Amino acid sequence: MSHYPAPELKDVPEDIRAKILEVQEKAGFVPNVFLALARRPAEWRAFFAYHDALMLKEDSGLSKGDREMIVTATSAANQCLYCVVAHGAILRIYEKKPLVADQVAVNYRKADITLRQRAMLDFAMKVCLRSSEIESADFAPLYAHGFTDEDAWDIAAITAFFGLSNRMASFSNMQPNPEFYLMGRVPKQK
């Protein structure tokens with residue numbers, strides 16, 4: 001498993017424990033990232049505050065599925081097993097497509113996605129792999145599909161934030177919870 005042992009839930013600060021228990025109630029399990037990062041409470045709080053600001057944002061031209069698609073595609077480019085599996089599971093649920101996460105992770109250019117999503121991922125991948133080469137012309141395909149400058153910022157911010165997340169998960173050998181592998185592929189048991 002991870003190079004850094006996760007703390008026991010009972011040993012994390014109360015505010016963090018309360019948030020983890022909320023996630024467990026909703027998901028039915030505790031995603032490993034929540035406990036793995038809890039070993040450093042101040043960093044946990046900062047990480048999840050920025051995560052939530054990006055991923056739970058209400059006033060955005062990006063859907064929840066779009067955001068998870070960005071995470072899945074760029075995490076695959078960064079070879080982050082944890083994020084591809086975990087966010088791929090969430091992507092399958094939001095898009096209601098059991099195959100989309102695998103397609104996006106392997107080759108988003110051949111995935112069953114819209115042209116709008118393709119333009120979004122083209123931009124995200126350039127931010128992910130060659131951000132120093134972004135220029136004004138890179139915004140035109142986004143505008144053609146109705147994205148705004150604020151949406152472009154969101155695409156870039158999600159890509160950059162998960163670049164950090166990918167590197168932390170990979171270097172620490174964080175493993176995806178087994179539950180993620182079936183989410184959105186098989187009907188949820190009641």
# chains A, B, ... in the order shown; residues from 1 in each chain; ligands from 1
call {"tool": "residues_around", "arguments": {"residues": "Ser60 in chain A", "least_positions_apart": "6", "cutoff": "10 Å", "atoms": "only C-alpha atoms", "output": "MDAnalysis selection string"}}
result
chainID A and resid 54 147:148 150:151 154
call {"tool": "residues_around", "arguments": {"residues": "His51 in chain A", "least_positions_apart": "2", "cutoff": "12 Å", "atoms": "only C-alpha atoms", "output": "list in words"}}
result
Phe34, Glu43, Trp44, Arg45, Ala46, Phe47, Phe48, Ala49, Ala53, Leu54, Met55, Leu56, Lys57, Arg67, Glu68, Val71, Asp154, Ala157, Ile158, Thr159, Ala160, Phe161, Phe162, Leu164 and Ser165 of chain A
call {"tool": "atom_distance", "arguments": {"atom1": "CA of Tyr94 in chain A", "atom2": "CA of Gln175 in chain A"}}
result
22.4 Å
call {"tool": "closest_residue", "arguments": {"among": "A:Phe171, A:Tyr108, A:Tyr50, A:Tyr143", "to": "Ala76 in chain A", "atoms": "only C-alpha atoms"}}
result
A:Tyr108
call {"tool": "residues_around", "arguments": {"residues": "Arg39 in chain A", "least_positions_apart": "4", "cutoff": "12 Å", "atoms": "only C-alpha atoms", "output": "ChimeraX atom specification"}}
result
/A:4-9,11-13,16-17,32-35,43-45
call {"tool": "closest_residue", "arguments": {"among": "A:Ser132, A:Gln24, A:Asn78, A:Thr72", "to": "Val100 in chain A", "atoms": "only C-alpha atoms"}}
result
A:Thr72
call {"tool": "select_by_dssp", "arguments": {"residues": "chain A", "states": "helix (DSSP H, G or I)", "output": "PyMOL selection string"}}
result
chain A and resi 9-11+14-27+32-37+41-55+64-77+81-95+100-110+115-133+136-144+149-171+178-182
